[in-house]
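Worksheet: the structure to be examined is printed underneath.
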Amino acid sequence: MSAFSLDFVDEVVHKCIQLYKSSPQFGKPVEEEWTVLSCIIQLNTNTRNLKVVSLGTGSKCIGASKMSPEGDRLNDSHAEVFARRGFMLYIYDNIEKAVSMKPQEETIFEKLNGRFKMKNNLEFIFYSSQMPCGDASIMPKLIIEDQGDIVGSNKRSHEDEVIDINVKKLKTDFGDIHRTGAKCLPHSEQDPKETGINYHLLGKVRIKPGRGDRTLSVSCSDKIARWVHVGIQGALLDMLLAEPIYIKHFIFGSGVPYSKESLTRALLDRDSNNIEQSELQLVPHIYQTTVCFDHMKSERRLRPAPGSIVFVNCGILEVGVHGKRLGVTKKNAHLKSSSLHISKYKIYQRFLNLLEKNSDLKEKLVDCDLSTIPYNEMKKKSQRYYKHWYNIRDTFFKTWTIKPDMWSFCVNPIN
C-alpha cells in the first residue's frame with residue numbers, strides 16, 4: 001500500500017464535495033449554519049477508480065435519558081458516525097449480492113468457508129471536513145508571525161522600483177492549544193482546565209457534550225481509533241466476514257485547525273508503552289487536503305445545523321433530526337419501521353435476514369428461532385470481535401464508557 005499524492009487526495013475530496021452538492025437541499029445548513037461532512041470512499045487499486053459509498057453530515061448527539069431501548073433512535077448523529085453506519089449498510093448490500101450469486105450483480109465480496117472476504121483490489125478511504133472531536137482536536141494553536149518588510153529591486157527603464165512585501169508566516173504557538181468540548185469520562189481523572197497548554201489531559205477517552213442531559217457517546221476520536229484497531233465493521237458484521245475491514249487512508253479538511261501529530265496520538269499511539277503502531281493490523285496513512293468544505297464552521301456560520309444527512313450507494317438517502325428520521329408523520333412516528341435505515345433496529349433486521357439465508361453460519365451461531373434472540377445477546381456471540389476489542393480497550397484506551405445493557409429488543413427477519 002503506497003501513500004497518495006496531494007493531487008490524488010484533493011481528487012478524492014472533490015468527489016465527496018461534488019456528491020454533497022448534487023444531493024437535495026433537504027437537511028443541509030441554511031444561512032449562518034454549519035455542519036461536518038464525512039465520507040467513505042472505495043478505491044479500486046487496479047483501475048484507480050473512486051466511488052463514494054457512504055456520506056454523512058451532522059454534529060448533534062442526544063442525551064442519555066433520550067436513548068431508546070428499542071434501537072429505533074440514533075444516539076450519535078455526528079457526520080463520522082452517520083458515514084460509518086451508512087458504510088455498514090453498503091457492506092450488507094454487497095453481502096446480499098454475494099449470497100444471491102446473480103451474475104448481473106457486482107459485489108465486493110467473495111465467499112470463503114461460509115463467510116465473506118473482500119476482494120484484494122479494493123481499499124477504503126475515510127474523509128472528514130474537520131478534525132474529529134475529542135483527543136485529536138487538542139493541538140497547539142497556530143499564530144501569524146510578522147516577518148517584516150522585504151525590500152526588493154526591479155529595474156524598469158533604468159529606474160529602481162522599490163517593492164514592499166509584508167511577509168507573514170504561520171508559527172506554532174506552544175503557549176496555547178485548541179480545545180475540545182468533549183469531557184473526560186465521569187469518575188475518571190478530569191481536565192485541570194488551567195491556562196494555555198495545561199487546560200486538557202492528553203490521550204483520554206472522552207464523552208461528547210450534550211445540552212443539559214449528558215450523553216454516553218464517546219468522542220469521534222475514540223470511535224475512529226476503535227475502528228482503526230478492530231475494524232470498522234462492528235460486532236454483527238464481523239460474524240459474517242472472513243476478516244475485519246480496515247480503513248487504509250484518512251483525509252481531513254483544509255481551512256480548519258489540523259495536526260498530524262495529534263491525529264497520530266489519538267488514533268494510533270496514545271501510549272507507546274502498551275501498543276506500538278507496528279502491532280496494528282494496518283497502519284493507515286493520514287493526509288490533509290487543500291480543499292475546503294463550504295459549509296464548515298466560520299465567522300459567518302456559527303450555528304450548527306439541526307439535521308444529519310446519510311447517503312448510501314445502494315439507494316438510501318435520509319435526514320435525521322434528534323436521532324429520528326425526518327419526514328415521518330406523527331401517526332407513524334412510534335413505529336420502529338419508521339426509524340432511520342442506519343438505526344440499530346434496521347441494521348439488526350438486515351443481519352438476521354442474511355443469517356437466515358446462510359444456513360451453515362446460522363447453525364454455528366444459534367439453535368433457536370432468530371426472532372427470539374435479543375439484539376444485545378446476538379452481539380455477544382461475536383467472539384472474535386470482542387476478544388480483539390477487549391484487548392484493545394484494556395491496553396490502548398485503558399477505560400471506556402459504560403452504557404446500560406438496555407437494547408434487548410427482538411426483530412423478525414425480512415422474508
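A note on labels: chains of the C-alpha cells are A, B, ... as shown, every chain counts residues from 1, and ligands are counted from 1 in their shown order.
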
Distance query Gly315 of chain A at most 12 Å, only C-alpha atoms, self and fewer than 6 positions along chain excluded, as a VMD selection string: chain A and resid 53 to 54 86 89 to 90 93 341

Using N, CA and C atoms, can you export the residues from the last selection as a compact mmCIF listing (two decimals), in the first residue's frame?
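Saved the output as result.txt:
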# COMPACT_ATOMS: atom_id res chain seq x y z
N VAL A 53 -19.09 5.65 -1.30
CA VAL A 53 -20.10 4.63 -0.98
C VAL A 53 -20.98 5.02 0.19
N SER A 54 -20.53 5.95 1.02
CA SER A 54 -21.40 6.47 2.08
C SER A 54 -21.01 7.89 2.42
N GLY A 86 -23.72 4.24 7.53
CA GLY A 86 -24.11 4.09 6.12
C GLY A 86 -23.22 3.08 5.41
N LEU A 89 -24.36 -0.44 5.91
CA LEU A 89 -25.44 -0.83 5.00
C LEU A 89 -24.90 -1.19 3.63
N TYR A 90 -23.87 -0.48 3.19
CA TYR A 90 -23.23 -0.80 1.91
C TYR A 90 -22.63 -2.20 1.96
N ASP A 93 -25.45 -4.75 1.82
CA ASP A 93 -25.96 -4.82 0.45
C ASP A 93 -25.07 -5.69 -0.42
N HIS A 341 -32.71 4.03 8.39
CA HIS A 341 -32.15 2.76 7.93
C HIS A 341 -30.86 2.39 8.66

Expected answer as a PyMOL selection string: alpha helix (DSSP H) residues in segment 33-121 of chain A: chain A and resi 79-100

Could you dump the residues just selected with N, CA and C atoms as a CSV table (one decimal), in the first residue's frame?
chain,number,residue,atom,x,y,z
A,79,ALA,N,-21.3,13.5,11.9
A,79,ALA,CA,-21.1,13.1,10.5
A,79,ALA,C,-20.3,11.8,10.4
A,80,GLU,N,-19.2,11.7,11.2
A,80,GLU,CA,-18.4,10.5,11.1
A,80,GLU,C,-19.1,9.2,11.4
A,81,VAL,N,-20.1,9.3,12.4
A,81,VAL,CA,-20.9,8.1,12.8
A,81,VAL,C,-21.9,7.8,11.7
A,82,PHE,N,-22.5,8.8,11.1
A,82,PHE,CA,-23.5,8.6,10.0
A,82,PHE,C,-22.8,7.9,8.8
A,83,ALA,N,-21.6,8.4,8.5
A,83,ALA,CA,-20.9,7.9,7.3
A,83,ALA,C,-20.6,6.4,7.6
A,84,ARG,N,-20.1,6.1,8.8
A,84,ARG,CA,-19.7,4.7,9.1
A,84,ARG,C,-20.9,3.8,9.2
A,85,ARG,N,-22.1,4.2,9.7
A,85,ARG,CA,-23.2,3.4,9.8
A,85,ARG,C,-23.8,3.2,8.4
A,86,GLY,N,-23.7,4.2,7.5
A,86,GLY,CA,-24.1,4.1,6.1
A,86,GLY,C,-23.2,3.1,5.4
A,87,PHE,N,-21.9,3.1,5.7
A,87,PHE,CA,-21.0,2.1,5.2
A,87,PHE,C,-21.4,0.7,5.5
A,88,MET,N,-21.9,0.5,6.8
A,88,MET,CA,-22.3,-0.8,7.2
A,88,MET,C,-23.4,-1.3,6.3
A,89,LEU,N,-24.4,-0.4,5.9
A,89,LEU,CA,-25.4,-0.8,5.0
A,89,LEU,C,-24.9,-1.2,3.6
A,90,TYR,N,-23.9,-0.5,3.2
A,90,TYR,CA,-23.2,-0.8,1.9
A,90,TYR,C,-22.6,-2.2,2.0
A,91,ILE,N,-22.0,-2.6,3.1
A,91,ILE,CA,-21.4,-3.9,3.3
A,91,ILE,C,-22.6,-4.9,3.2
A,92,TYR,N,-23.6,-4.7,4.0
A,92,TYR,CA,-24.8,-5.7,4.0
A,92,TYR,C,-25.3,-5.8,2.5
A,93,ASP,N,-25.5,-4.7,1.8
A,93,ASP,CA,-26.0,-4.8,0.4
A,93,ASP,C,-25.1,-5.7,-0.4
A,94,ASN,N,-23.8,-5.6,-0.3
A,94,ASN,CA,-22.8,-6.3,-1.1
A,94,ASN,C,-22.8,-7.8,-0.7
A,95,ILE,N,-23.0,-8.1,0.6
A,95,ILE,CA,-23.0,-9.5,1.1
A,95,ILE,C,-24.3,-10.1,0.5
A,96,GLU,N,-25.4,-9.4,0.5
A,96,GLU,CA,-26.6,-9.9,0.0
A,96,GLU,C,-26.5,-10.3,-1.5
A,97,LYS,N,-25.7,-9.5,-2.2
A,97,LYS,CA,-25.5,-9.8,-3.7
A,97,LYS,C,-24.6,-11.0,-3.8
A,98,ALA,N,-23.6,-11.1,-2.9
A,98,ALA,CA,-22.8,-12.3,-2.9
A,98,ALA,C,-23.5,-13.6,-2.6
A,99,VAL,N,-24.5,-13.5,-1.7
A,99,VAL,CA,-25.4,-14.6,-1.4
A,99,VAL,C,-26.3,-15.0,-2.6
A,100,SER,N,-26.8,-14.0,-3.2
A,100,SER,CA,-27.7,-14.3,-4.4
A,100,SER,C,-27.0,-14.9,-5.5

Distance query Lys15 of chain A at most 10 Å, only C-alpha atoms, self and fewer than 6 positions along chain excluded, as a PyMOL selection string: chain A and resi 21+39+41+50-52

Residues flagged strand (DSSP E or B) by DSSP in segment 7-199 of chain A, as a PyMOL selection string: chain A and resi 33-34+37-44+49-57+59-61+76-78+109-112+115-118+122-128+139-156+159-178+183-184

Neighbour list for Thr329 of chain A as a PyMOL selection string, cut-off 12 Å, only C-alpha atoms, skip fewer than 6 positions in-chain: chain A and resi 335+338-339

I need the residues from that last selection saved to file as a compact mmCIF listing (two decimals), in the first residue's frame (with N, CA, C and O atoms), if you can.
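File again.txt, as written:
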# COMPACT_ATOMS: atom_id res chain seq x y z
N LEU A 335 -43.66 3.92 15.16
CA LEU A 335 -43.36 2.63 14.55
C LEU A 335 -41.85 2.46 14.37
O LEU A 335 -41.19 3.35 13.85
N SER A 338 -40.38 2.96 11.03
CA SER A 338 -40.20 4.34 10.55
C SER A 338 -38.85 4.93 10.96
O SER A 338 -38.58 6.10 10.72
N SER A 339 -38.03 4.13 11.61
CA SER A 339 -36.71 4.64 12.05
C SER A 339 -35.76 4.75 10.87
O SER A 339 -36.01 4.22 9.77

Length of the atom CA of Met67 of chain A to atom CA of Tyr127 of chain A vector [Å]: 27.9 Å

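Using only C-alpha atoms, the nearest neighbour of Ser382 of chain A within the list A:Ser359, A:Met239, A:Lys336, A:Arg300 is A:Met239.
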
Near-Asn358 of chain A list (10 Å; only C-alpha atoms; drop same-chain fewer than 5 positions) as a VMD selection string: chain A and resid 99 114 to 115 240 352 to 353 363

Convert the current residue selection to file output with N, CA and C atoms, as a PDB file, in the first residue's frame.
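Final file, part.pdb:
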ATOM      1  N   VAL A  99     -24.538 -13.466  -1.727  1.00  0.00           N
ATOM      2  CA  VAL A  99     -25.375 -14.611  -1.383  1.00  0.00           C
ATOM      3  C   VAL A  99     -26.254 -15.013  -2.561  1.00  0.00           C
ATOM      4  N   GLY A 114     -17.780 -20.245   4.169  1.00  0.00           N
ATOM      5  CA  GLY A 114     -19.055 -19.856   4.768  1.00  0.00           C
ATOM      6  C   GLY A 114     -19.166 -18.393   5.130  1.00  0.00           C
ATOM      7  N   ARG A 115     -18.051 -17.674   5.043  1.00  0.00           N
ATOM      8  CA  ARG A 115     -18.070 -16.233   5.320  1.00  0.00           C
ATOM      9  C   ARG A 115     -17.691 -15.460   4.063  1.00  0.00           C
ATOM     10  N   LEU A 240     -20.123 -12.306   9.984  1.00  0.00           N
ATOM     11  CA  LEU A 240     -20.362 -12.691   8.595  1.00  0.00           C
ATOM     12  C   LEU A 240     -19.102 -12.619   7.737  1.00  0.00           C
ATOM     13  N   LEU A 352     -30.130 -10.331  10.552  1.00  0.00           N
ATOM     14  CA  LEU A 352     -30.912 -11.562  10.712  1.00  0.00           C
ATOM     15  C   LEU A 352     -31.368 -12.105   9.362  1.00  0.00           C
ATOM     16  N   ASN A 353     -31.698 -11.215   8.453  1.00  0.00           N
ATOM     17  CA  ASN A 353     -32.109 -11.637   7.121  1.00  0.00           C
ATOM     18  C   ASN A 353     -30.982 -12.391   6.416  1.00  0.00           C
ATOM     19  N   GLU A 363     -26.323 -22.176  11.832  1.00  0.00           N
ATOM     20  CA  GLU A 363     -26.238 -23.350  12.704  1.00  0.00           C
ATOM     21  C   GLU A 363     -25.077 -23.240  13.691  1.00  0.00           C
TER      22      GLU A 363
END

Non-local contacts of Lys183 of chain A (10 Å; only C-alpha atoms; under 3 positions in same chain excluded) as number ranges by chain: A: 134-135, 180, 186, 190-191, 200, 204-209, 214, 218-219

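Each of A:Asn198, A:Glu33, A:Phe311, A:Tyr385 was compared to Gln233 of chain A using only C-alpha atoms, and A:Tyr385 turns out to be the nearest.
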
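Nearest to Val256 of chain A of all the residues A:Pro304, A:Pro374, A:Gly320, A:Pro132 is A:Pro132, based on only C-alpha atoms.
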
Residue with smallest distance to Ser38 of chain A - pool A:Lys66, A:His78, A:Lys357, A:Lys398, counting only C-alpha atoms: A:His78

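When atom CA of Leu236 of chain A is paired with atom CA of His334 of chain A, their separation reads 25.5 Å.
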
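With atom CA of Arg350 of chain A on one side and atom CA of Ala235 of chain A on the other, the separation reads 13.7 Å.
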
Proximity to Ser217 of chain A - best of A:His322, A:Lys28, A:Lys60, A:His178, only C-alpha atoms: A:Lys60

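The residue that comes closest to Phe124 of chain A, out of A:Phe409, A:Tyr246, A:Phe293, A:Tyr386 and on the basis of only C-alpha atoms, is A:Tyr246.
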